[in-house]
file data.cif (mmCIF, C-alpha atoms)
data_entry
loop_
_atom_site.label_atom_id
_atom_site.label_comp_id
_atom_site.auth_asym_id
_atom_site.auth_seq_id
_atom_site.Cartn_x
_atom_site.Cartn_y
_atom_site.Cartn_z
CA MET A 1256 -8.82 23.97 26.74
CA MET A 1257 -7.36 20.60 25.84
CA GLN A 1258 -6.57 17.90 28.39
CA VAL A 1259 -3.97 15.27 27.58
CA ASP A 1260 -4.77 11.79 28.84
CA ASN A 1261 -1.91 10.60 31.08
CA THR A 1262 -2.99 6.97 31.07
CA THR A 1263 -1.99 4.71 28.18
CA ALA A 1264 -1.20 5.95 24.64
CA SER A 1265 -0.57 3.87 21.55
CA VAL A 1266 1.99 5.41 19.22
CA LEU A 1267 2.71 4.13 15.74
CA THR A 1268 6.38 4.46 14.87
CA GLY A 1269 8.04 3.00 11.81
CA SER A 1270 6.65 -0.46 11.22
CA GLY A 1271 5.73 -1.31 14.78
CA SER A 1272 3.25 -0.22 17.40
CA HIS A 1273 4.62 0.80 20.79
CA THR A 1274 2.64 1.40 23.96
CA ALA A 1275 3.75 4.11 26.37
CA HIS A 1276 2.73 3.88 30.06
CA THR A 1277 3.55 5.93 33.11
CA ALA A 1278 6.27 3.33 33.70
CA ALA A 1279 7.80 2.52 30.30
CA SER A 1280 10.63 0.31 29.12
CA ALA A 1281 12.83 2.21 26.65
CA PRO A 1282 15.67 0.55 24.76
CA THR A 1283 18.92 2.52 24.70
CA GLY A 1284 21.95 1.16 22.86
CA ASN A 1285 22.25 -2.52 23.74
CA CYS A 1286 20.59 -2.20 27.12
CA SER A 1287 17.04 -1.81 28.32
CA HIS A 1288 16.24 0.66 31.11
CA THR A 1289 13.00 1.13 32.97
CA ALA A 1290 12.04 4.72 33.60
CA HIS A 1291 9.69 5.43 36.51
CA THR A 1292 7.75 8.68 36.44
CA ASN A 1293 6.67 10.63 39.48
CA THR A 1294 3.13 11.90 39.83
CA ILE A 1295 2.76 15.24 38.13
CA PRO A 1296 -0.15 17.59 38.86
CA THR A 1297 -2.70 17.26 36.12
CA ASP A 1298 -2.93 21.05 35.84
CA GLU A 1299 0.40 20.99 34.07
CA PHE A 1300 -1.20 19.02 31.24
CA TYR A 1301 -3.64 21.79 30.39
CA ILE A 1302 -2.74 24.08 27.48
CA GLU A 1303 -4.55 26.97 25.93
CA SER A 1304 -5.71 25.86 22.48
CA SER A 1305 -8.29 26.84 19.93
CA GLY A 1306 -10.05 24.27 17.79
CA SER A 1307 -7.78 25.01 14.83
CA ASP A 1308 -4.69 24.66 17.04
CA ILE A 1309 -5.83 21.20 18.11
CA GLU A 1310 -6.31 20.16 14.48
CA VAL A 1311 -2.77 21.29 13.66
CA LEU A 1312 -1.32 19.42 16.65
CA LEU A 1313 -3.14 16.20 15.83
CA ALA A 1314 -2.54 16.29 12.09
CA SER A 1315 0.01 13.90 10.58
CA PRO A 1316 3.12 15.88 9.60
CA VAL A 1317 4.12 16.07 5.97
CA ARG A 1318 7.65 14.82 5.29
CA ARG A 1319 9.55 18.07 4.78
CA TYR A 1320 11.87 18.57 1.87
CA ASN A 1321 15.42 19.06 3.13
CA PRO A 1322 17.43 21.53 1.02
CA ILE A 1323 20.61 19.73 2.08
CA LEU A 1324 19.33 16.68 0.22
CA ASP A 1325 18.48 18.65 -2.92
CA ARG A 1326 20.73 16.58 -5.15
CA GLU A 1327 20.40 15.10 -8.60
CA LEU A 1328 19.57 11.41 -8.95
CA PRO A 1329 22.93 10.43 -10.53
CA ALA A 1330 24.86 11.82 -7.56
CA ILE A 1331 22.58 10.09 -5.05
CA LEU A 1332 22.71 6.74 -6.84
CA LYS A 1333 26.47 6.92 -7.39
CA GLU A 1334 27.06 7.50 -3.68
CA PHE A 1335 24.69 4.67 -2.75
CA ARG A 1336 26.47 2.27 -5.10
CA GLU A 1337 29.88 3.23 -3.78
CA ASP A 1338 28.70 2.57 -0.23
CA ASN A 1339 26.94 -0.72 -0.91
CA LEU A 1340 28.17 -2.52 -4.02
CA ASP A 1341 31.07 -4.87 -4.55
CA PHE A 1342 32.23 -3.99 -8.06
CA TYR A 1343 34.85 -6.72 -8.14
CA SER A 1344 32.61 -9.75 -7.52
CA ASN A 1345 29.93 -11.35 -9.66
CA ILE A 1346 27.01 -13.72 -9.32
CA ILE A 1347 25.69 -15.91 -12.12
CA VAL A 1348 21.99 -15.57 -12.98
CA ILE A 1349 20.63 -18.27 -15.28
CA ALA A 1350 17.63 -16.87 -17.13
CA ARG A 1351 14.99 -18.48 -19.31
CA ARG A 1352 13.31 -16.05 -21.67
CA LYS A 1353 9.90 -17.67 -21.34
CA ASN A 1354 9.92 -16.99 -17.61
CA ILE A 1355 12.26 -14.17 -16.64
CA LEU A 1356 10.39 -13.51 -13.40
CA LYS A 1357 10.73 -17.11 -12.23
CA SER A 1358 14.44 -17.03 -13.11
CA ALA A 1359 14.89 -13.94 -10.96
CA CYS A 1360 12.93 -15.44 -8.07
CA VAL A 1361 15.16 -18.55 -8.16
CA THR A 1362 18.14 -16.23 -7.66
CA LEU A 1363 16.36 -14.50 -4.77
CA SER A 1364 15.58 -17.83 -3.12
CA ARG A 1365 19.21 -18.72 -2.67
CA GLY A 1366 20.34 -18.92 0.92
CA CYS A 1367 22.22 -15.62 0.65
CA PHE A 1368 20.99 -13.31 -2.07
CA GLU A 1369 24.08 -11.34 -3.01
CA TRP A 1370 22.38 -8.24 -4.39
CA HIS A 1371 25.52 -6.20 -3.87
CA LYS A 1372 27.50 -8.20 -6.46
CA THR A 1373 27.36 -7.58 -10.22
CA PRO A 1374 24.90 -10.02 -11.84
CA ASN A 1375 26.17 -11.79 -14.96
CA ILE A 1376 23.22 -13.06 -16.99
CA GLU A 1377 23.30 -16.32 -18.90
CA PHE A 1378 20.27 -16.81 -21.15
CA VAL A 1379 19.50 -20.49 -21.64
CA GLY A 1380 20.40 -21.72 -25.11
CA GLU A 1381 22.29 -18.55 -26.07
CA MET A 1382 26.03 -18.12 -26.35
CA GLY A 1383 27.76 -14.95 -25.27
CA GLU A 1384 29.49 -13.35 -22.33
CA ASP A 1385 27.68 -10.67 -20.36
CA TYR A 1386 29.51 -7.41 -20.94
CA GLY A 1387 26.40 -5.40 -20.19
CA GLY A 1388 23.93 -6.22 -22.97
CA PRO A 1389 22.35 -9.37 -21.45
CA ARG A 1390 22.16 -7.62 -18.07
CA ARG A 1391 20.28 -4.65 -19.51
CA GLU A 1392 17.93 -6.96 -21.41
CA PHE A 1393 17.27 -9.17 -18.38
CA PHE A 1394 16.29 -6.31 -16.12
CA ARG A 1395 14.19 -4.62 -18.83
CA LEU A 1396 12.17 -7.81 -19.34
CA LEU A 1397 11.98 -8.38 -15.59
CA MET A 1398 10.47 -4.95 -14.93
CA ILE A 1399 7.85 -5.61 -17.63
CA GLU A 1400 6.88 -8.94 -16.05
CA LEU A 1401 6.72 -7.44 -12.56
CA GLN A 1402 3.93 -5.13 -13.65
CA SER A 1403 1.63 -7.88 -14.87
CA ASN A 1404 2.65 -11.35 -13.69
CA LEU A 1405 2.61 -11.03 -9.90
CA GLY A 1406 -1.00 -9.87 -9.55
CA ILE A 1407 -0.09 -6.95 -7.29
CA PHE A 1408 -0.87 -4.03 -9.63
CA GLU A 1409 -3.91 -2.93 -11.59
CA GLY A 1410 -5.09 0.05 -13.60
CA LYS A 1411 -4.00 1.94 -16.67
CA PRO A 1412 -0.50 1.40 -18.08
CA GLY A 1413 1.83 3.97 -16.55
CA GLN A 1414 -0.75 4.81 -13.85
CA LEU A 1415 -0.82 1.57 -11.87
CA LEU A 1416 -2.32 1.23 -8.42
CA PHE A 1417 -1.90 -1.62 -5.97
CA SER A 1418 -4.33 -4.50 -6.38
CA TYR A 1419 -6.19 -5.67 -3.27
CA ASN A 1420 -4.83 -9.22 -3.22
CA GLN A 1421 -4.50 -10.81 0.21
CA LYS A 1422 -3.17 -14.03 -1.30
CA ALA A 1423 -0.29 -12.09 -2.85
CA LEU A 1424 0.27 -10.41 0.51
CA ASP A 1425 0.38 -13.75 2.36
CA GLU A 1426 2.84 -15.09 -0.22
CA ASN A 1427 5.12 -12.04 0.20
CA LYS A 1428 4.81 -11.18 -3.48
CA LEU A 1429 4.95 -7.45 -2.79
CA TYR A 1430 8.18 -7.92 -0.83
CA THR A 1431 9.57 -9.86 -3.79
CA ALA A 1432 8.55 -7.09 -6.21
CA GLY A 1433 10.18 -4.42 -4.05
CA ARG A 1434 13.37 -6.42 -3.77
CA LEU A 1435 13.61 -7.09 -7.50
CA MET A 1436 12.94 -3.45 -8.30
CA ALA A 1437 15.67 -2.34 -5.87
CA TRP A 1438 18.06 -4.88 -7.42
CA SER A 1439 17.51 -3.34 -10.85
CA ILE A 1440 17.83 0.30 -9.72
CA ILE A 1441 20.98 -0.36 -7.71
CA HIS A 1442 22.74 -1.84 -10.73
CA ASN A 1443 21.85 1.17 -12.91
CA ARG A 1444 19.12 -0.71 -14.72
CA PRO A 1445 15.48 0.30 -15.38
CA SER A 1446 12.77 0.39 -12.77
CA MET A 1447 9.07 -0.14 -13.45
CA LYS A 1448 8.19 3.53 -14.01
CA CYS A 1449 4.53 2.67 -13.77
CA ILE A 1450 3.20 3.74 -10.34
CA ASN A 1451 0.56 6.47 -10.27
CA ILE A 1452 2.28 9.75 -9.35
CA GLU A 1453 -0.23 10.70 -6.63
CA LEU A 1454 0.13 7.26 -5.04
CA PHE A 1455 3.91 7.57 -5.10
CA MET A 1456 3.72 10.96 -3.39
CA LEU A 1457 1.47 9.55 -0.67
CA MET A 1458 3.91 6.67 -0.18
CA CYS A 1459 6.65 9.28 0.31
CA GLY A 1460 4.70 11.16 3.00
CA GLN A 1461 3.58 13.99 0.72
CA LYS A 1462 0.10 15.45 0.26
CA PRO A 1463 -0.74 15.69 -3.45
CA ASP A 1464 -3.79 17.54 -4.70
CA LEU A 1465 -6.32 14.77 -5.24
CA SER A 1466 -9.34 16.98 -5.90
CA THR A 1467 -8.85 16.45 -9.65
CA PHE A 1468 -7.68 12.82 -9.54
CA ASP A 1469 -8.72 10.88 -12.65
CA ARG A 1470 -11.27 8.43 -11.24
CA THR A 1471 -11.12 6.33 -14.41
CA ASN A 1472 -7.83 4.97 -13.04
CA PHE A 1473 -10.00 2.70 -10.91
CA LEU A 1474 -11.21 -0.55 -12.44
CA GLU A 1475 -14.35 -0.92 -10.27
CA ASN A 1476 -17.25 0.63 -12.19
CA ASP A 1477 -19.32 1.01 -9.02
CA LEU A 1478 -16.54 3.02 -7.34
CA VAL A 1479 -16.09 5.21 -10.42
CA GLU A 1480 -19.81 6.01 -10.46
CA LYS A 1481 -19.90 6.85 -6.75
CA LEU A 1482 -16.96 9.21 -7.13
CA ALA A 1483 -18.66 10.77 -10.16
CA MET A 1484 -21.74 11.47 -8.00
CA VAL A 1485 -19.52 13.35 -5.53
CA VAL A 1486 -17.97 15.39 -8.35
CA ARG A 1487 -21.36 16.22 -9.91
CA CYS A 1488 -22.81 17.48 -6.62
CA ASN A 1489 -23.04 21.27 -6.91
CA THR A 1490 -26.12 22.41 -4.99
CA ALA A 1491 -27.48 22.07 -1.46
CA GLU A 1492 -30.31 19.89 -2.73
CA GLU A 1493 -27.88 17.55 -4.50
CA LEU A 1494 -25.74 17.42 -1.37
CA THR A 1495 -28.72 16.35 0.71
CA GLU A 1496 -29.46 13.60 -1.78
CA LEU A 1497 -25.79 12.57 -1.74
CA LYS A 1498 -25.81 12.28 2.04
CA ASN A 1499 -28.92 10.13 1.93
CA SER A 1500 -27.67 7.80 -0.78
CA LEU A 1501 -23.92 7.62 -0.16
CA GLY A 1502 -23.44 9.09 3.31
CA ASP A 1503 -22.89 5.75 5.05
CA TRP A 1504 -20.45 4.59 2.37
CA ILE A 1505 -18.45 7.83 2.56
CA CYS A 1506 -18.40 7.59 6.34
CA ASP A 1507 -17.12 3.99 6.14
CA CYS A 1508 -14.26 5.28 3.99
CA GLY A 1509 -13.02 7.32 6.93
CA VAL A 1510 -14.86 10.57 6.16
CA PRO A 1511 -17.48 10.90 8.95
CA ASN A 1512 -17.81 14.67 8.46
CA ILE A 1513 -19.86 14.08 5.29
CA PHE A 1514 -23.05 14.54 7.29
CA THR A 1515 -22.05 18.08 8.36
CA ALA A 1516 -20.28 19.01 5.13
CA SER A 1517 -21.21 21.84 2.80
CA VAL A 1518 -20.87 21.91 -0.96
CA SER A 1519 -17.53 23.73 -0.65
CA ASP A 1520 -16.16 20.75 1.33
CA LEU A 1521 -16.77 18.25 -1.47
CA PRO A 1522 -13.43 18.66 -3.34
CA THR A 1523 -11.64 17.86 -0.07
CA ILE A 1524 -13.96 14.91 0.59
CA TYR A 1525 -13.36 13.63 -2.93
CA GLY A 1526 -9.61 13.74 -2.29
CA GLN A 1527 -10.07 11.89 1.01
CA LEU A 1528 -12.06 9.15 -0.73
CA VAL A 1529 -9.35 8.79 -3.35
CA THR A 1530 -6.69 8.63 -0.63
CA HIS A 1531 -8.61 5.83 1.06
CA TYR A 1532 -8.93 3.80 -2.15
CA ILE A 1533 -5.36 4.20 -3.46
CA TYR A 1534 -3.40 4.36 -0.20
CA HIS A 1535 -4.99 3.66 3.19
CA ARG A 1536 -6.76 0.51 2.01
CA PHE A 1537 -3.40 -0.89 0.87
CA ALA A 1538 -1.29 0.13 3.86
CA SER A 1539 -0.09 -3.41 4.66
CA MET A 1540 0.70 -4.09 1.00
CA ILE A 1541 2.60 -0.85 0.58
CA GLN A 1542 4.55 -1.59 3.77
CA GLN A 1543 5.54 -5.00 2.42
CA PHE A 1544 6.55 -3.51 -0.95
CA THR A 1545 8.74 -0.82 0.62
CA SER A 1546 10.25 -3.38 2.99
CA GLY A 1547 11.40 -5.26 -0.10
CA LEU A 1548 13.02 -2.08 -1.42
CA ASN A 1549 14.67 -1.54 1.95
CA SER A 1550 16.08 -5.07 1.98
CA CYS A 1551 18.77 -3.91 -0.45
CA GLY A 1552 20.81 -1.34 1.43
CA ARG A 1553 17.74 0.43 2.84
CA LEU A 1554 17.06 1.94 -0.56
CA TRP A 1555 13.51 3.05 0.29
CA GLU A 1556 14.85 5.29 3.06
CA VAL A 1557 17.08 6.96 0.47
CA VAL A 1558 14.02 7.38 -1.78
CA LEU A 1559 12.01 8.97 1.04
CA ASN A 1560 14.73 11.54 1.68
CA ASN A 1561 15.09 12.32 -2.03
CA TRP A 1562 11.64 11.58 -3.42
CA THR A 1563 11.65 14.32 -6.07
CA ALA A 1564 14.88 12.95 -7.53
CA PHE A 1565 13.58 9.36 -7.56
CA HIS A 1566 10.07 9.92 -8.85
CA PRO A 1567 11.08 9.46 -12.54
CA LEU A 1568 12.19 5.92 -11.62
CA PHE A 1569 8.86 5.01 -10.05
CA THR A 1570 6.35 6.95 -12.16
CA ASN A 1571 5.65 7.49 -15.84
CA THR A 1572 6.09 11.25 -15.75
CA ARG A 1573 9.18 11.65 -17.89
CA GLY A 1574 7.58 11.00 -21.26
CA THR A 1575 9.02 9.26 -24.30
CA LEU A 1576 12.48 9.69 -25.76
CA THR A 1577 13.06 12.50 -28.22
CA ARG A 1578 15.10 12.72 -31.41
CA ASN A 1579 17.71 14.96 -29.80
CA GLU A 1580 18.16 12.57 -26.89
CA VAL A 1581 18.76 9.67 -29.25
CA ARG A 1582 21.10 11.67 -31.48
CA ASP A 1583 23.14 12.77 -28.47
CA LEU A 1584 23.71 9.14 -27.49
CA PHE A 1585 25.56 8.31 -30.72
CA SER A 1586 28.96 9.18 -32.06
CA ILE A 1587 29.84 8.23 -35.66
CA VAL A 1588 33.00 6.38 -36.56
CA TRP A 1589 33.90 7.94 -39.91
CA SER A 1590 36.40 6.84 -42.51
CA SER A 1591 39.13 9.29 -43.53
CA PRO A 1592 37.85 12.59 -44.94
CA GLY A 1593 37.88 12.69 -48.73
CA SER A 1594 37.85 8.91 -49.12
CA SER A 1595 35.26 7.11 -51.23
CA ARG A 1596 34.11 5.25 -48.12
CA ARG A 1597 33.53 8.53 -46.32
CA ASP A 1598 31.33 9.73 -49.18
CA LEU A 1599 29.21 6.56 -48.98
CA GLU A 1600 28.98 6.85 -45.18
CA GLU A 1601 27.63 10.38 -45.49
CA ASP A 1602 24.87 9.06 -47.77
CA THR A 1603 23.85 6.58 -45.06
CA VAL A 1604 24.07 9.07 -42.19
CA PHE A 1605 21.90 11.53 -44.13
CA GLN A 1606 19.21 8.85 -44.35
CA TRP A 1607 19.76 8.00 -40.65
CA GLU A 1608 19.10 11.61 -39.66
CA CYS A 1609 16.02 11.83 -41.90
CA TRP A 1610 14.73 8.56 -40.45
CA LEU A 1611 15.07 9.86 -36.89
CA MET A 1612 13.10 12.94 -37.93
CA LEU A 1613 10.37 10.72 -39.39
CA ILE A 1614 10.07 8.78 -36.12
CA GLN A 1615 9.53 12.04 -34.25
CA GLU A 1616 7.04 13.49 -36.70
CA GLU A 1617 5.14 10.47 -38.05
CA ASP A 1618 3.93 7.02 -37.12
CA VAL A 1619 6.43 4.77 -38.88
CA GLY A 1620 5.80 1.70 -36.73
CA ILE A 1621 9.04 2.19 -34.77
CA SER A 1622 9.66 4.27 -31.66
CA PHE A 1623 12.86 5.73 -30.27
CA GLU A 1624 12.52 3.20 -27.46
CA ASP A 1625 12.59 0.43 -30.09
CA VAL A 1626 15.82 1.88 -31.49
CA LEU A 1627 17.36 2.04 -28.02
CA VAL A 1628 16.39 -1.56 -27.25
CA PHE A 1629 17.90 -2.72 -30.56
CA VAL A 1630 21.25 -1.04 -29.86
CA THR A 1631 21.55 -1.25 -26.05
CA ALA A 1632 18.89 -3.78 -24.86
CA ALA A 1633 17.51 -1.02 -22.58
CA ASP A 1634 14.28 0.86 -23.30
CA SER A 1635 15.35 3.99 -21.44
CA ILE A 1636 18.54 5.83 -20.63
CA PRO A 1637 19.87 4.47 -17.30
CA PRO A 1638 19.98 6.88 -14.32
CA LEU A 1639 23.78 6.95 -14.50
CA GLY A 1640 23.86 6.79 -18.28
CA PHE A 1641 25.59 4.13 -20.34
CA GLN A 1642 29.17 3.17 -19.60
CA GLN A 1643 30.20 4.70 -22.94
CA ASN A 1644 28.68 6.52 -25.89
CA CYS A 1645 26.80 4.49 -28.44
CA GLN A 1646 28.51 4.32 -31.81
CA VAL A 1647 27.52 4.05 -35.45
CA GLU A 1648 29.94 1.99 -37.52
CA PHE A 1649 29.68 0.91 -41.13
CA TYR A 1650 30.05 -2.15 -43.32
CA ASP A 1651 30.05 -2.78 -47.06
CA GLN A 1652 27.23 -4.63 -48.80
CA GLU A 1653 28.53 -7.57 -50.85
CA GLU A 1654 26.50 -8.32 -53.94
CA PRO A 1655 24.28 -10.21 -54.46
CA THR A 1656 23.63 -10.53 -50.70
CA ARG A 1657 21.83 -7.83 -48.77
CA ARG A 1658 22.79 -7.70 -45.14
CA ILE A 1659 20.46 -5.80 -42.82
CA PRO A 1660 21.77 -3.49 -40.06
CA TYR A 1661 22.78 -5.18 -36.81
CA ALA A 1662 23.96 -4.18 -33.35
CA SER A 1663 26.16 -5.26 -30.47
CA THR A 1664 24.31 -4.50 -27.23
CA CYS A 1665 27.47 -5.08 -25.18
CA ALA A 1666 29.61 -2.75 -27.29
CA LEU A 1667 26.66 -0.32 -27.73
CA THR A 1668 27.36 -0.22 -31.45
CA LEU A 1669 24.96 0.04 -34.39
CA TYR A 1670 26.30 -1.20 -37.73
CA LEU A 1671 24.84 0.40 -40.87
CA PRO A 1672 25.58 -0.35 -44.54
CA ARG A 1673 27.50 2.25 -46.50
CA GLY A 1674 25.96 3.92 -49.51
CA VAL A 1675 22.21 3.81 -48.71
CA SER A 1676 21.00 6.89 -50.58
CA GLU A 1677 17.27 6.21 -50.89
CA GLU A 1678 14.83 6.90 -48.04
CA GLU A 1679 12.61 3.88 -48.73
CA ASP A 1680 15.60 1.54 -48.79
CA PHE A 1681 16.86 2.80 -45.45
CA ARG A 1682 13.42 2.63 -43.82
CA GLU A 1683 12.92 -0.92 -45.03
CA LEU A 1684 16.35 -2.03 -43.80
CA MET A 1685 15.82 -0.54 -40.33
CA PHE A 1686 12.31 -1.94 -40.04
CA LEU A 1687 13.51 -5.44 -40.89
CA ALA A 1688 16.44 -5.12 -38.49
CA ILE A 1689 14.51 -3.82 -35.49
CA LYS A 1690 11.25 -5.71 -35.86
CA GLY A 1691 13.00 -8.89 -36.95
CA SER A 1692 15.59 -8.98 -34.19
CA LEU A 1693 15.11 -11.99 -31.93
CA ARG A 1694 17.27 -11.58 -28.85
CA PHE A 1695 20.79 -10.98 -27.59
CA GLY A 1696 23.34 -12.12 -30.15
CA LYS A 1697 20.74 -12.94 -32.83
CA VAL A 1698 19.43 -10.69 -35.58
#
call {"tool": "encode", "arguments": {"input": "data.cif", "output": "structure tokens"}}
result
Amino acid sequence: MMQVDNTTASVLTGSGSHTAHTAASAPTGNCSHTAHTNTIPTDEFYIESSGSDIEVLLASPVRRYNPILDRELPAILKEFREDNLDFYSNIIVIARRKNILKSACVTLSRGCFEWHKTPNIEFVGEMGEDYGGPRREFFRLLMIELQSNLGIFEGKPGQLLFSYNQKALDENKLYTAGRLMAWSIIHNRPSMKCINIELFMLMCGQKPDLSTFDRTNFLENDLVEKLAMVVRCNTAEELTELKNSLGDWICDCGVPNIFTASVSDLPTIYGQLVTHYIYHRFASMIQQFTSGLNSCGRLWEVVLNNWTAFHPLFTNTRGTLTRNEVRDLFSIVWSSPGSSRRDLEEDTVFQWECWLMLIQEEDVGISFEDVLVFVTAADSIPPLGFQQNCQVEFYDQEEPTRRIPYASTCALTLYLPRGVSEEEDFRELMFLAIKGSLRFGKV
């Protein structure tokens, strides 16, 4: 039998804590009404329950996946943008390459941060209108700086966890990070793609399997060793030793049942310890980060309702670009069939195709992401794709000069020289072009 206490209960809802009494004040619409309850016989509060039933009733519910919301990310993001963005207005963002993050924070600090308007980026000391290239480059560099320069993340690249930094919390740095990330996503630009997948699932109200979590994601050697002791415990004797040596520590992590646990309970206990160290310990920091995301059109609420669609934007689970993905991005602007120019262009495109194959199969010092940055200023394909297909166009070499390939990141166009028939020549030209490129408008 379970008796429900009819005195005072504290209920956590959303971001606030509300206290319910026998006489409670409940807001409805724009008015506040006081509801008075009559005395109810306590017998009516008794229900027939087994121990397992009580555990089910008290357990925190997992956020259910709604089939109605089973949509692809492009459709979700397109609808969000149509509901929230002003496509006909712009804001000017002055950016200094040496401190992209500070440049973005200056924009945020304005009295009214107009996140819903299209940002036009002006890099200091560089000429050129923003027809998309500078914007893609700005947000790519910003997402890189967010991962390392705010002091709010730690861990392996692509598997980042929150860093326990109360100074950053007091300075609202996590709110700033969330807001900047939302700003980038909303304008079809890259996100950080660096948060540990299990942490992201916990943030979305899911229950990932943490029994096999890679403990080397933690930076604290002492924590890694303690977790290793839990994993290595396989016998009753080892469990007794574990309880004696680490029982108090495990209990302090919110797992008091360690003292009555059996060996079969240890995978679950390991997962509970991991949950404490990647999620519960950072609850206030995570709340501030998601509040920043919500400050732009309540984006985090959209993420929560469509977490499977959004997880490639927050985590590094997609993998690197492939040859076919890069090839599919480009269309080739050929000269007339049968012309001498067309014949020379086919020589170059043959080497282009072979070079893409080399990138996939060998370490040539250049990645497909490098190629994409060179042509588009983005290091990944945007959620809604590019505004147009990338193009390959050609130019003639004029002796005795040797002009290396170049690109227009606004026009999404790669310019290649006609008549390159040797593999080594093409590889050298592309290496010089990509590794020697400086910034928007300069190669």
call {"tool": "resolve_selection", "arguments": {"input": "data.cif", "expression": "the PyMOL selection byres ((chain A and resi 1539-1554) around 9)", "output": "PyMOL selection string"}}
result
chain A and resi 1270+1335+1338-1339+1370-1371+1407+1417-1421+1423-1424+1427-1438+1441+1458+1534-1538+1555-1559
call {"tool": "resolve_selection", "arguments": {"input": "data.cif", "expression": "the PyMOL selection byres ((chain A and resi 1486) around 12)", "output": "PyMOL selection string"}}
result
chain A and resi 1466-1470+1479-1485+1487-1490+1493-1494+1497+1518-1526+1528-1529
call {"tool": "residues_around", "arguments": {"input": "data.cif", "residues": "Glu1608 (chain A)", "least_positions_apart": "4", "cutoff": "12 Å", "atoms": "all atoms listed in the file", "output": "MDAnalysis selection string"}}
result
chainID A and resid 1578:1579 1581:1583 1585 1587 1601:1604 1612:1615 1678 1681:1682
call {"tool": "write_last_selection", "arguments": {"input": "data.cif", "atoms": "C-alpha atoms", "output": "short mmCIF file (atom, residue, chain, number, x, y, z; two decimals), in the frame of the given file"}}
result
data_model
loop_
_atom_site.label_atom_id
_atom_site.label_comp_id
_atom_site.auth_asym_id
_atom_site.auth_seq_id
_atom_site.Cartn_x
_atom_site.Cartn_y
_atom_site.Cartn_z
CA ARG A 1578 15.10 12.72 -31.41
CA ASN A 1579 17.71 14.96 -29.80
CA VAL A 1581 18.76 9.67 -29.25
CA ARG A 1582 21.10 11.67 -31.48
CA ASP A 1583 23.14 12.77 -28.47
CA PHE A 1585 25.56 8.31 -30.72
CA ILE A 1587 29.84 8.23 -35.66
CA GLU A 1601 27.63 10.38 -45.49
CA ASP A 1602 24.87 9.06 -47.77
CA THR A 1603 23.85 6.58 -45.06
CA VAL A 1604 24.07 9.07 -42.19
CA MET A 1612 13.10 12.94 -37.93
CA LEU A 1613 10.37 10.72 -39.39
CA ILE A 1614 10.07 8.78 -36.12
CA GLN A 1615 9.53 12.04 -34.25
CA GLU A 1678 14.83 6.90 -48.04
CA PHE A 1681 16.86 2.80 -45.45
CA ARG A 1682 13.42 2.63 -43.82
#
call {"tool": "closest_atom_pairs", "arguments": {"input": "data.cif", "of": "region 1443-1508 of chain A", "to": "region 1621-1636 of chain A", "cutoff": "12 Å", "atoms": "only C-alpha atoms", "output": "tab-separated table"}}
result
residue	atom	partner	partner_atom	distance
A:Asn1443	CA	A:Ile1636	CA	9.6
A:Arg1444	CA	A:Ala1633	CA	8.0
A:Pro1445	CA	A:Ser1635	CA	7.1
A:Ser1446	CA	A:Ser1635	CA	9.7
A:Met1447	CA	A:Ser1635	CA	11.0
A:Lys1448	CA	A:Ser1635	CA	10.3
call {"tool": "residues_around", "arguments": {"input": "data.cif", "residues": "Pro1412 (chain A)", "least_positions_apart": "5", "cutoff": "12 Å", "atoms": "only C-alpha atoms", "output": "PDB file with C-alpha atoms, keeping the file's coordinate frame"}}
result
ATOM      1  CA  ILE A1399       7.850  -5.610 -17.630  1.00  0.00           C
ATOM      2  CA  GLN A1402       3.930  -5.130 -13.650  1.00  0.00           C
ATOM      3  CA  SER A1403       1.630  -7.880 -14.870  1.00  0.00           C
ATOM      4  CA  MET A1447       9.070  -0.140 -13.450  1.00  0.00           C
ATOM      5  CA  LYS A1448       8.190   3.530 -14.010  1.00  0.00           C
ATOM      6  CA  CYS A1449       4.530   2.670 -13.770  1.00  0.00           C
ATOM      7  CA  ILE A1450       3.200   3.740 -10.340  1.00  0.00           C
ATOM      8  CA  ASN A1451       0.560   6.470 -10.270  1.00  0.00           C
ATOM      9  CA  ASN A1472      -7.830   4.970 -13.040  1.00  0.00           C
ATOM     10  CA  PHE A1473     -10.000   2.700 -10.910  1.00  0.00           C
ATOM     11  CA  THR A1570       6.350   6.950 -12.160  1.00  0.00           C
ATOM     12  CA  ASN A1571       5.650   7.490 -15.840  1.00  0.00           C
TER      13      ASN A1571
END
call {"tool": "closest_residue", "arguments": {"input": "data.cif", "among": "A:Arg1596, A:Leu1584, A:Pro1389, A:Thr1577", "to": "Asn1644 (chain A)", "atoms": "all atoms listed in the file"}}
result
A:Leu1584
call {"tool": "atom_distance", "arguments": {"input": "data.cif", "atom1": "CA of Phe1394 (chain A)", "atom2": "CA of Ser1439 (chain A)"}}
result
6.2 Å
call {"tool": "atom_distance", "arguments": {"input": "data.cif", "atom1": "CA of Leu1454 (chain A)", "atom2": "CA of Leu1416 (chain A)"}}
result
7.3 Å
call {"tool": "closest_residue", "arguments": {"input": "data.cif", "among": "A:Tyr1343, A:Glu1475, A:Ile1505, A:Gln1527", "to": "Lys1462 (chain A)", "atoms": "all atoms listed in the file"}}
result
A:Gln1527
